[in-house]
Amino acid sequence: YHIVIKVIKKAAVYSLVAVSMNLLNGFTGLFSLGQAGFMLLGAYAYAVLCIPVAKRAGVYQQFEGGLIQFSLPETFANLFGEGAGTVVGILIALLIGGLIAALMAYLIGLPVLRLKSDYLAIATLGFAEILRAFFQWNALGPITNGSNLLKGYPDFGHAWAYLILIAIFIGIILLMVNSTYGRAFKAIRDDEVAAEAMGINLAHHKRLAFVISSFFAGVGGGMLAMYMGAVQALSFKSTMTYEILLIVVIGGIGSITGSVITSFLYIASVEWLLRGLDSGEFLGIQAPGLFKNGFRMAIVSVIIMLVVLFFRKGIMGDRELTDLLRRKPRKEGK
């Protein structure tokens, strides 16, 4: 039961980040690999703003208790009561993390979004790696705790709270995709020249898509920090971005439903169903000589190859769940 709850929480968070990446890569056609960097910003913002004041001295041992001496959940708990105030403080901390990520995206987007294709991917990947190293710098230790862990902050606890919050955020993204802005994003993806000829401001809409995607990645990073229980910059490596990109591609570039479904399938497989392949036992079969550390990811790689071979456009392609549920009208006489 405990492992199922963990899978649901992590898969929910990954689904939000995958959808945010799909908004940029799938719907706007901008190939960015900076998702881990924006998640790092959101995770650190949430952790720094939510660590209880009484625990800060123990967490920031090398930096005299840290620079920030307040906790948003505690502040709002004093105003609205323990339960409601804590939830309000957590939500505001998540949103602040998203806004910090969005602000950073706006600043780096000014020069970076002039690049295209692989050059944009390399630039955003470099940004994420630089940011990860920057947050471990001891000069920022009073805020980020250097290379040490940030821990002791509150969590929603219940898996349903994760699911409800993630559903709200993904619903907002879905509404945006179906709005005039979403249609402009798709037009840019399909043909930039034609989109500009139709009066779409390319620079404005690219920057808007980049900022919105980064905002939700930052929120997802904050929720991932809640799930992990501790934050360290070293965890937000480029491999995390590759995982998210893998989910987007397998689910279908341009399909929100595909990103959500694949997030749950991928996390459930890696964190639960295939976990025994690293411990010597799988489906009741004892084979420590064969099932050993690393074998799980080898099997996952084979599964991914099979999916790519038989589903060239991903599991969902560019379709949504509503497209599958919508039945074609039957012709008269048939």
# chains A, B, ... in the order shown; residues from 1 in each chain; ligands from 1
>>> closest_atom_pairs(of="segment 207-283 of chain A", to="segment 111-117 of chain A", cutoff="12 Å", atoms="only C-alpha atoms", output="JSON lines")
{"residue": "A:Arg207", "atom": "CA", "partner": "A:Leu113", "partner_atom": "CA", "distance": 7.2}
{"residue": "A:Leu208", "atom": "CA", "partner": "A:Leu113", "partner_atom": "CA", "distance": 10.8}
{"residue": "A:Ala209", "atom": "CA", "partner": "A:Leu113", "partner_atom": "CA", "distance": 10.7}
{"residue": "A:Phe210", "atom": "CA", "partner": "A:Leu113", "partner_atom": "CA", "distance": 8.6}
{"residue": "A:Val211", "atom": "CA", "partner": "A:Leu113", "partner_atom": "CA", "distance": 11.1}
>>> select_by_dssp(residues="segment 48-290 of chain A", states="strand (DSSP E)", output="PyMOL selection string")
chain A and resi 150-151+230-231+281-282+285-286
>>> write_last_selection(atoms="all heavy atoms", output="tab-separated table (two decimals), in the first residue's frame")
chain	number	residue	atom	x	y	z
A	150	LEU	N	18.07	20.38	2.18
A	150	LEU	CA	17.00	21.15	2.81
A	150	LEU	C	15.91	20.16	3.16
A	150	LEU	O	15.45	19.39	2.31
A	150	LEU	CB	16.46	22.21	1.85
A	150	LEU	CG	17.37	23.40	1.53
A	150	LEU	CD1	16.72	24.30	0.49
A	150	LEU	CD2	17.69	24.20	2.79
A	151	LYS	N	15.47	20.15	4.41
A	151	LYS	CA	14.49	19.15	4.84
A	151	LYS	C	13.66	19.71	5.99
A	151	LYS	O	13.89	20.83	6.46
A	151	LYS	CB	15.20	17.87	5.29
A	151	LYS	CG	16.25	18.10	6.38
A	151	LYS	CD	17.02	16.83	6.69
A	151	LYS	CE	18.08	17.12	7.75
A	151	LYS	NZ	18.86	15.90	8.09
A	230	ALA	N	13.16	15.88	1.01
A	230	ALA	CA	14.43	16.60	1.16
A	230	ALA	C	14.86	17.08	-0.24
A	230	ALA	O	14.57	16.43	-1.24
A	230	ALA	CB	15.51	15.73	1.77
A	231	VAL	N	15.53	18.21	-0.28
A	231	VAL	CA	15.95	18.81	-1.55
A	231	VAL	C	17.45	18.99	-1.57
A	231	VAL	O	18.04	19.47	-0.60
A	231	VAL	CB	15.26	20.18	-1.77
A	231	VAL	CG1	15.82	20.86	-3.01
A	231	VAL	CG2	13.77	20.00	-1.93
A	281	GLU	N	14.67	-10.94	-7.27
A	281	GLU	CA	13.42	-11.69	-7.32
A	281	GLU	C	12.40	-10.92	-8.15
A	281	GLU	O	12.24	-9.70	-8.00
A	281	GLU	CB	12.86	-11.91	-5.92
A	281	GLU	CG	11.55	-12.69	-5.90
A	281	GLU	CD	11.00	-12.89	-4.50
A	281	GLU	OE1	11.69	-12.48	-3.54
A	281	GLU	OE2	9.90	-13.44	-4.36
A	282	PHE	N	11.68	-11.63	-9.03
A	282	PHE	CA	10.65	-10.99	-9.84
A	282	PHE	C	9.56	-12.01	-10.15
A	282	PHE	O	9.84	-13.10	-10.64
A	282	PHE	CB	11.26	-10.45	-11.15
A	282	PHE	CG	10.26	-9.74	-12.02
A	282	PHE	CD1	9.68	-8.56	-11.60
A	282	PHE	CD2	9.90	-10.26	-13.25
A	282	PHE	CE1	8.76	-7.89	-12.39
A	282	PHE	CE2	8.99	-9.60	-14.06
A	282	PHE	CZ	8.42	-8.41	-13.63
A	285	ILE	N	10.08	-15.48	-8.96
A	285	ILE	CA	11.24	-16.19	-9.49
A	285	ILE	C	12.50	-15.67	-8.79
A	285	ILE	O	12.77	-14.47	-8.80
A	285	ILE	CB	11.37	-16.00	-11.01
A	285	ILE	CG1	10.11	-16.50	-11.71
A	285	ILE	CG2	12.60	-16.72	-11.54
A	285	ILE	CD1	10.10	-16.20	-13.20
A	286	GLN	N	13.26	-16.58	-8.19
A	286	GLN	CA	14.51	-16.22	-7.53
A	286	GLN	C	15.66	-16.42	-8.52
A	286	GLN	O	15.96	-17.54	-8.91
A	286	GLN	CB	14.73	-17.09	-6.29
A	286	GLN	CG	13.67	-16.92	-5.21
A	286	GLN	CD	13.88	-15.66	-4.40
A	286	GLN	OE1	14.94	-15.04	-4.47
A	286	GLN	NE2	12.86	-15.28	-3.64
>>> closest_residue(among="A:Val4, A:Leu40, A:Ile200, A:Val248", to="Gly182 of chain A", atoms="only C-alpha atoms")
A:Ile200
>>> residues_around(residues="Tyr162 of chain A", least_positions_apart="4", cutoff="9 Å", atoms="only C-alpha atoms", output="list of chain:residue names")
A:Ile8, A:Lys9, A:Ala12, A:Val13, A:Phe156, A:Gly157, A:His158, A:Ile166, A:Ala167, A:Met223
>>> residues_around(residues="Tyr153 of chain A", least_positions_apart="6", cutoff="12 Å", atoms="only C-alpha atoms", output="number ranges by chain")
A: 43-56, 59, 71-74, 86, 89-90, 93, 222-223, 225-231
>>> atom_distance(atom1="atom CA of Thr144 of chain A", atom2="atom CA of Glu129 of chain A")
16.1 Å
>>> residues_around(residues="Ser15 of chain A", least_positions_apart="5", cutoff="7 Å", atoms="only C-alpha atoms", output="list in words")
Ser259, Val260 and Ser263 of chain A
>>> atom_distance(atom1="atom CA of Leu149 of chain A", atom2="atom CA of Leu234 of chain A")
9.7 Å
>>> atom_distance(atom1="atom CA of Leu265 of chain A", atom2="atom CA of Ile168 of chain A")
20.6 Å
>>> closest_atom_pairs(of="segment 193-265 of chain A", to="segment 309-313 of chain A", cutoff="10 Å", atoms="only C-alpha atoms", output="Markdown table")
| residue | atom | partner | partner_atom | distance |
| --- | --- | --- | --- | --- |
| A:Val249 | CA | A:Lys313 | CA | 7.7 |
| A:Ile250 | CA | A:Lys313 | CA | 7.7 |
| A:Gly251 | CA | A:Lys313 | CA | 8.3 |
| A:Gly252 | CA | A:Lys313 | CA | 5.7 |
| A:Ile253 | CA | A:Lys313 | CA | 7.3 |
| A:Gly254 | CA | A:Lys313 | CA | 9.7 |
>>> write_last_selection(atoms="N, CA, C and O atoms", output="CSV table (one decimal), in the first residue's frame")
chain,number,residue,atom,x,y,z
A,249,VAL,N,7.6,11.9,-25.4
A,249,VAL,CA,7.7,11.3,-26.7
A,249,VAL,C,6.9,10.0,-26.7
A,249,VAL,O,6.1,9.7,-27.7
A,250,ILE,N,6.9,9.2,-25.7
A,250,ILE,CA,6.2,7.9,-25.7
A,250,ILE,C,4.7,8.2,-25.6
A,250,ILE,O,3.9,7.5,-26.3
A,251,GLY,N,4.3,9.1,-24.8
A,251,GLY,CA,2.9,9.4,-24.7
A,251,GLY,C,2.3,10.0,-26.0
A,251,GLY,O,1.1,9.8,-26.3
A,252,GLY,N,3.1,10.8,-26.7
A,252,GLY,CA,2.7,11.4,-27.9
A,252,GLY,C,2.9,12.9,-27.9
A,252,GLY,O,2.4,13.6,-27.0
A,253,ILE,N,3.8,13.4,-28.8
A,253,ILE,CA,4.1,14.8,-28.8
A,253,ILE,C,2.9,15.6,-29.3
A,253,ILE,O,2.4,15.4,-30.4
A,254,GLY,N,2.3,16.4,-28.4
A,254,GLY,CA,1.1,17.2,-28.7
A,254,GLY,C,-0.1,16.5,-28.1
A,254,GLY,O,-1.3,16.9,-28.4
